[in-house]
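Heads up, coords19.csv below (CSV, C-alpha atoms (C1' of nucleotides)):
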```csv
chain,number,residue,atom,x,y,z
A,1,MET,CA,15.2,-9.1,39.5
A,2,GLY,CA,14.2,-10.3,36.3
A,3,THR,CA,14.1,-8.8,32.9
A,4,PRO,CA,17.4,-8.0,31.4
A,5,VAL,CA,17.3,-4.3,30.4
A,6,THR,CA,20.4,-4.3,28.2
A,7,ALA,CA,19.7,-3.2,24.7
A,8,LEU,CA,20.9,-5.3,21.8
A,9,PRO,CA,24.3,-4.0,20.6
A,10,ARG,CA,24.8,-2.3,17.2
A,11,GLU,CA,26.7,-5.4,16.0
A,12,PHE,CA,23.4,-7.3,16.1
A,13,PHE,CA,21.9,-5.0,13.5
A,14,ALA,CA,25.1,-4.6,11.4
A,15,ARG,CA,24.6,-7.9,9.6
A,16,GLY,CA,22.7,-9.2,6.6
A,17,VAL,CA,19.1,-8.1,6.6
A,18,LEU,CA,17.6,-11.5,6.4
A,19,GLU,CA,19.7,-12.7,9.3
A,20,VAL,CA,18.8,-9.8,11.4
A,21,ALA,CA,15.1,-10.2,10.6
A,22,ARG,CA,15.1,-13.8,11.6
A,23,ASP,CA,17.0,-13.1,14.8
A,24,LEU,CA,14.6,-10.3,15.8
A,25,LEU,CA,11.8,-12.7,16.4
A,26,GLY,CA,11.3,-13.1,20.1
A,27,ARG,CA,13.2,-9.9,20.9
A,28,VAL,CA,11.5,-7.1,22.9
A,29,VAL,CA,10.9,-3.6,21.6
A,30,ARG,CA,10.4,-1.2,24.5
A,31,HIS,CA,9.4,2.5,24.4
A,32,GLU,CA,9.4,4.6,27.5
A,33,THR,CA,7.4,7.8,27.5
A,34,PRO,CA,6.1,10.2,30.2
A,35,GLU,CA,2.9,8.1,30.2
A,36,GLY,CA,4.8,4.9,31.0
A,37,ALA,CA,6.5,2.1,29.2
A,38,VAL,CA,5.1,-0.4,26.7
A,39,ALA,CA,7.1,-3.3,25.4
A,40,VAL,CA,6.3,-5.8,22.6
A,41,ARG,CA,7.8,-9.2,21.9
A,42,LEU,CA,8.3,-9.4,18.1
A,43,THR,CA,6.4,-12.1,16.3
A,44,GLU,CA,6.5,-10.9,12.7
A,45,VAL,CA,9.0,-8.8,10.7
A,46,GLU,CA,9.8,-8.1,7.1
A,47,ALA,CA,13.1,-7.5,5.4
A,48,TYR,CA,13.9,-4.8,2.8
A,49,ALA,CA,17.1,-5.2,1.0
A,50,GLY,CA,18.2,-1.6,0.2
A,51,GLU,CA,18.6,0.2,-3.0
A,52,ALA,CA,18.5,-2.9,-5.2
A,53,ASP,CA,15.1,-4.0,-3.8
A,54,PRO,CA,12.2,-2.7,-5.9
A,55,GLY,CA,9.9,-3.1,-2.8
A,56,SER,CA,12.0,-0.8,-0.7
A,57,HIS,CA,11.5,2.9,-0.1
A,58,ALA,CA,15.3,3.1,-0.7
A,59,PHE,CA,14.9,1.8,-4.3
A,60,ARG,CA,14.9,5.3,-5.8
A,61,GLY,CA,18.0,6.3,-3.9
A,62,ARG,CA,18.7,8.8,-1.2
A,63,THR,CA,16.0,11.3,-0.4
A,64,PRO,CA,15.2,13.3,2.7
A,65,ARG,CA,12.8,10.6,3.8
A,66,THR,CA,15.0,7.6,3.3
A,67,GLU,CA,18.2,9.3,4.5
A,68,VAL,CA,18.2,7.3,7.8
A,69,MET,CA,18.2,4.0,6.0
A,70,PHE,CA,21.5,4.9,4.4
A,71,GLY,CA,23.1,5.6,7.7
A,72,PRO,CA,24.5,3.2,10.4
A,73,ALA,CA,22.6,0.2,11.7
A,74,GLY,CA,20.5,0.3,14.8
A,75,HIS,CA,18.5,3.4,14.0
A,76,ALA,CA,14.8,3.7,13.5
A,77,TYR,CA,13.4,4.5,10.1
A,78,VAL,CA,9.9,5.8,10.7
A,79,TYR,CA,7.6,6.6,7.8
A,80,PHE,CA,4.0,8.0,7.4
A,81,SER,CA,1.7,5.7,5.6
A,82,TYR,CA,-1.7,6.1,3.9
A,83,GLY,CA,-2.1,9.6,5.4
A,84,MET,CA,-2.8,8.1,8.8
A,85,HIS,CA,-0.4,5.6,10.1
A,86,TRP,CA,3.2,5.4,11.2
A,87,CYS,CA,5.4,2.3,10.6
A,88,VAL,CA,8.8,1.6,12.0
A,89,ASN,CA,11.9,-0.2,10.6
A,90,LEU,CA,15.3,-0.9,12.1
A,91,VAL,CA,18.2,-0.1,9.9
A,92,THR,CA,20.6,-3.1,9.3
A,93,GLY,CA,23.8,-3.9,7.6
A,94,ARG,CA,26.8,-1.7,6.7
A,95,GLU,CA,26.4,2.0,6.4
A,96,GLY,CA,25.3,2.9,2.9
A,97,THR,CA,23.4,-0.3,2.2
A,98,ALA,CA,20.0,1.1,3.2
A,99,SER,CA,18.6,-2.2,4.3
A,100,ALA,CA,16.1,-2.4,7.1
A,101,VAL,CA,13.6,-4.6,8.8
A,102,LEU,CA,9.9,-3.5,9.1
A,103,LEU,CA,8.4,-4.4,12.5
A,104,ARG,CA,5.0,-6.0,11.6
A,105,ALA,CA,3.6,-7.5,14.7
A,106,GLY,CA,4.2,-8.5,18.3
A,107,GLU,CA,2.7,-9.4,21.7
A,108,VAL,CA,2.5,-6.8,24.4
A,109,VAL,CA,4.6,-8.0,27.3
A,110,GLU,CA,4.7,-4.8,29.4
A,111,GLY,CA,2.4,-1.8,29.9
A,112,LEU,CA,-0.7,-3.8,28.9
A,113,GLU,CA,-3.2,-1.2,30.4
A,114,LEU,CA,-1.4,1.7,28.6
A,115,ALA,CA,-1.4,-0.3,25.3
A,116,ARG,CA,-5.1,-0.9,25.6
A,117,GLU,CA,-5.8,2.8,26.1
A,118,ARG,CA,-3.8,3.6,23.0
A,119,ARG,CA,-5.5,0.9,21.0
A,120,ARG,CA,-9.2,1.3,21.9
A,121,ALA,CA,-10.3,-0.4,18.7
A,122,ALA,CA,-8.6,-3.6,19.6
A,123,ARG,CA,-11.1,-6.3,20.5
A,124,ARG,CA,-8.6,-8.7,21.9
A,125,ASP,CA,-5.1,-8.2,23.4
A,126,ALA,CA,-3.7,-10.3,20.6
A,127,ASP,CA,-4.8,-7.4,18.3
A,128,LEU,CA,-3.0,-4.7,20.2
A,129,ALA,CA,0.2,-4.8,18.1
A,130,ARG,CA,-1.0,-7.1,15.3
A,131,GLY,CA,0.0,-5.2,12.2
A,132,PRO,CA,2.7,-2.6,11.6
A,133,ALA,CA,0.7,0.5,12.3
A,134,ARG,CA,-1.0,-1.0,15.2
A,135,LEU,CA,2.4,-1.9,16.7
A,136,THR,CA,3.6,1.7,16.4
A,137,GLN,CA,0.3,2.9,18.0
A,138,ALA,CA,0.6,0.6,20.9
A,139,LEU,CA,4.2,1.7,21.4
A,140,ALA,CA,3.5,5.4,20.7
A,141,ILE,CA,6.1,5.5,17.9
A,142,ALA,CA,5.6,8.3,15.5
A,143,ARG,CA,7.6,11.1,13.7
A,144,GLU,CA,9.6,12.0,16.8
A,145,GLN,CA,11.2,8.6,17.0
A,146,GLY,CA,12.4,8.8,13.4
A,147,GLY,CA,16.2,8.4,13.4
A,148,ALA,CA,16.3,7.2,17.1
A,149,ASP,CA,19.3,5.1,18.0
A,150,VAL,CA,17.9,2.0,19.6
A,151,CYS,CA,21.4,0.9,20.8
A,152,ALA,CA,22.2,3.9,22.9
A,153,GLY,CA,20.2,3.3,26.0
A,154,GLY,CA,17.6,5.8,25.0
A,155,PRO,CA,13.8,5.7,25.4
A,156,LEU,CA,13.4,3.4,22.4
A,157,SER,CA,15.4,0.1,22.6
A,158,VAL,CA,15.4,-3.5,21.6
A,159,LEU,CA,16.0,-5.9,24.5
A,160,ALA,CA,17.4,-9.4,24.2
A,161,GLY,CA,14.2,-11.2,25.1
A,162,GLU,CA,14.1,-14.8,24.1
A,163,PRO,CA,15.2,-15.9,20.6
A,164,VAL,CA,12.8,-18.1,18.7
A,165,PRO,CA,14.2,-21.6,17.7
A,166,ASP,CA,14.4,-22.5,14.0
A,167,ALA,CA,11.6,-25.0,14.3
A,168,ALA,CA,9.2,-22.2,15.2
A,169,VAL,CA,10.2,-19.8,12.5
A,170,SER,CA,8.1,-19.5,9.3
A,171,TRP,CA,9.0,-17.6,6.1
A,172,GLY,CA,6.7,-16.2,3.4
A,173,PRO,CA,6.0,-13.4,0.9
A,174,ARG,CA,5.7,-9.8,1.9
A,175,VAL,CA,2.4,-8.2,2.7
A,176,GLY,CA,0.8,-5.4,0.8
A,177,VAL,CA,3.9,-4.6,-1.3
A,178,ALA,CA,3.3,-3.9,-4.9
A,179,GLY,CA,5.8,-5.6,-7.1
A,180,ALA,CA,5.5,-8.7,-5.0
A,181,GLY,CA,6.2,-12.2,-6.5
A,182,ALA,CA,9.8,-11.7,-5.6
A,183,PRO,CA,11.4,-15.1,-5.2
A,184,THR,CA,12.9,-14.4,-1.8
A,185,PRO,CA,10.6,-14.9,1.2
A,186,TRP,CA,11.3,-11.6,2.9
A,187,ARG,CA,8.8,-11.9,5.7
A,188,THR,CA,9.3,-14.1,8.8
A,189,TRP,CA,7.2,-14.8,11.7
A,190,THR,CA,6.7,-17.1,14.8
A,191,THR,CA,4.7,-20.1,13.6
A,192,GLY,CA,1.2,-20.2,14.8
A,193,ASP,CA,1.4,-17.1,17.0
A,194,PRO,CA,-2.0,-15.4,17.4
A,195,THR,CA,-0.5,-11.9,17.1
A,196,VAL,CA,0.9,-12.4,13.6
A,197,SER,CA,-0.9,-10.2,11.1
A,198,ALA,CA,-3.3,-11.7,8.7
A,199,TYR,CA,-1.8,-12.2,5.3
A,200,ARG,CA,-3.3,-10.2,2.5
A,201,ALA,CA,-1.9,-10.1,-1.0
A,202,ALA,CA,-1.1,-6.6,-2.4
A,203,VAL,CA,-4.5,-5.4,-3.8
A,204,PRO,CA,-4.5,-3.3,-6.9
A,205,ARG,CA,-5.6,0.2,-6.0
A,206,ARG,CA,-9.2,0.8,-6.9
A,207,PRO,CA,-9.6,3.5,-9.5
A,208,ARG,CA,-10.5,6.8,-8.1
A,209,ARG,CA,-12.9,9.0,-9.9
A,210,SER,CA,-12.3,12.7,-10.0
B,1,DC,C1',-15.2,-16.3,8.9
B,2,DC,C1',-14.5,-13.4,4.5
B,3,DG,C1',-14.3,-9.7,0.9
B,4,DG,C1',-15.0,-4.8,-0.2
B,5,DT,C1',-14.1,0.1,0.6
B,6,DG,C1',-13.5,4.9,2.6
B,7,DA,C1',-10.4,7.7,5.2
B,8,DT,C1',-6.4,10.7,4.5
B,9,DG,C1',-1.8,13.2,3.5
B,10,DG,C1',2.9,13.1,2.0
B,11,DA,C1',6.5,11.6,-1.2
B,12,DC,C1',7.6,11.4,-5.6
B,13,DT,C1',7.0,11.6,-11.1
C,1,DG,C1',-1.8,13.7,-10.4
C,2,DT,C1',-0.7,9.0,-8.7
C,3,DC,C1',0.7,5.7,-5.5
C,4,DC,C1',0.8,3.9,-1.5
C,5,DA,C1',5.3,-1.4,3.4
C,6,DT,C1',-2.8,0.3,6.5
C,7,DC,C1',-6.8,0.0,9.4
C,8,DA,C1',-11.6,-0.1,10.9
C,9,DC,C1',-15.9,-1.1,9.8
C,10,DC,C1',-19.6,-3.0,7.2
C,11,DG,C1',-22.5,-6.5,5.1
C,12,DG,C1',-22.9,-11.3,3.6
C,13,DA,C1',-22.3,-16.4,4.3
```

This entry written out as structure tokens:
Amino acid sequence: MGTPVTALPREFFARGVLEVARDLLGRVVRHETPEGAVAVRLTEVEAYAGEADPGSHAFRGRTPRTEVMFGPAGHAYVYFSYGMHWCVNLVTGREGTASAVLLRAGEVVEGLELARERRRAARRDADLARGPARLTQALAIAREQGGADVCAGGPLSVLAGEPVPDAAVSWGPRVGVAGAGAPTPWRTWTTGDPTVSAYRAAVPRRPRRS
DNA sequence: CCGGTGATGGACT
DNA sequence: GTCCATCACCGGA
């Protein structure tokens, strides 16, 4: 038979954000749509530590956009980025803490043909979900998945997959977040995996003329 | 391989 | 008005 289809339980997500981030590596995010299912084995994620974290969208408190992050663990916080892209986080910790893990990259392990159709620009399969907005495009995650409960057996779920051993786990700084230089390595990835996104330091925005 | 840059729209000050 | 938790594409080495 094969692949276990049981979603990870809410208790998995209701822990400290760094612990959840590390344990998400190797897990499988699966999204089933009328077109078919695509699943991605996570290779890179990034932790955001709630209201106290200057890099987090929750830093300025509860707003309509960030409301989901303040809710219970195991729900999807989906946000619109740079006027073009969608990115997805999984809410972690106790209700009210607003911590979450950004899904940054993964390897497509189901629905390869469909993922290729959704990601025409990808030159290699390793690029299909290499980067947070590429991952959501491969999985067809957008506004409608905002707030989705990934522990409820719905179309969007996180399957057990195969956890990554400590020896294969790397840690480092966040990508593209202004106010970097934080002492904590918030990003974690599977060492040497070709689907891990390229590291780029946060670049100062170029001045825009009027 | 690498660095530079335009696209594009919503959230927030 | 300013700031983006980004990506694709281009030109140069």

Could you write out as a PyMOL selection string the residues of chain C within 10 Å of chain A, counting all atoms listed in the file?
chain C and resi 3-8

Can those selected residues be exported to a file as a short mmCIF file (atom, residue, chain, number, x, y, z; two decimals), in the coordinates of the input so that it contains C-alpha atoms (C1' of nucleotides)?
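And here is the file that came out, result_8.cif:
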```cif
data_model
loop_
_atom_site.label_atom_id
_atom_site.label_comp_id
_atom_site.auth_asym_id
_atom_site.auth_seq_id
_atom_site.Cartn_x
_atom_site.Cartn_y
_atom_site.Cartn_z
"C1'" DC C 3 0.70 5.70 -5.50
"C1'" DC C 4 0.80 3.90 -1.50
"C1'" DA C 5 5.30 -1.40 3.40
"C1'" DT C 6 -2.80 0.30 6.50
"C1'" DC C 7 -6.80 0.00 9.40
"C1'" DA C 8 -11.60 -0.10 10.90
#
```

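CA of Ala138 in chain A is positioned 8.0 Å from CA of Leu114 in chain A.
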
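With all atoms listed in the file taken into account, the protein and nucleic acid residues at most 10 Å from Met69 in chain A (excluding it and anything under 2 positions from it in its own chain) are Gly50, Glu51, His57, Ala58, Arg62, Thr63, Arg65, Thr66, Glu67, Gly71, Pro72, Ala73, Gly74, His75, Ala76, Tyr77, Val78, Asn89, Leu90, Val91, Thr92, Gly93, Glu95, Gly96, Thr97, Ala98, Ser99, Ala100 and Gly147 of chain A.
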
Which residues are near DA13 in chain C? Cut-off 12 Å, only C-alpha atoms (C1' of nucleotides), ignore same chain within fewer than 5 positions. Put them as number ranges by chain.
B: 1-3

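The residue that comes closest to chain B, out of A:Gly61, A:Gly146, A:Gly153, A:Gly172 and on the basis of only C-alpha atoms (C1' of nucleotides), is A:Gly61.
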
Would you list which chain B residues are within 10 Å of chain A using all atoms listed in the file, as an MDAnalysis selection string?
chainID B and resid 5 7:12

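If you look at CA of Gln145 in chain A and CA of Ala129 in chain A, they are 17.4 Å away from each other.
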
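Atom pair CA of Trp171 in chain A / CA of Arg187 in chain A: separated by 5.7 Å.
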
Write out as an NGL selection string each polymer residue whose atoms come within 7 Å of Gly111 in chain A, counting all atoms listed in the file; drop sequence neighbours fewer than 6 positions from it.
:A and (37-39)
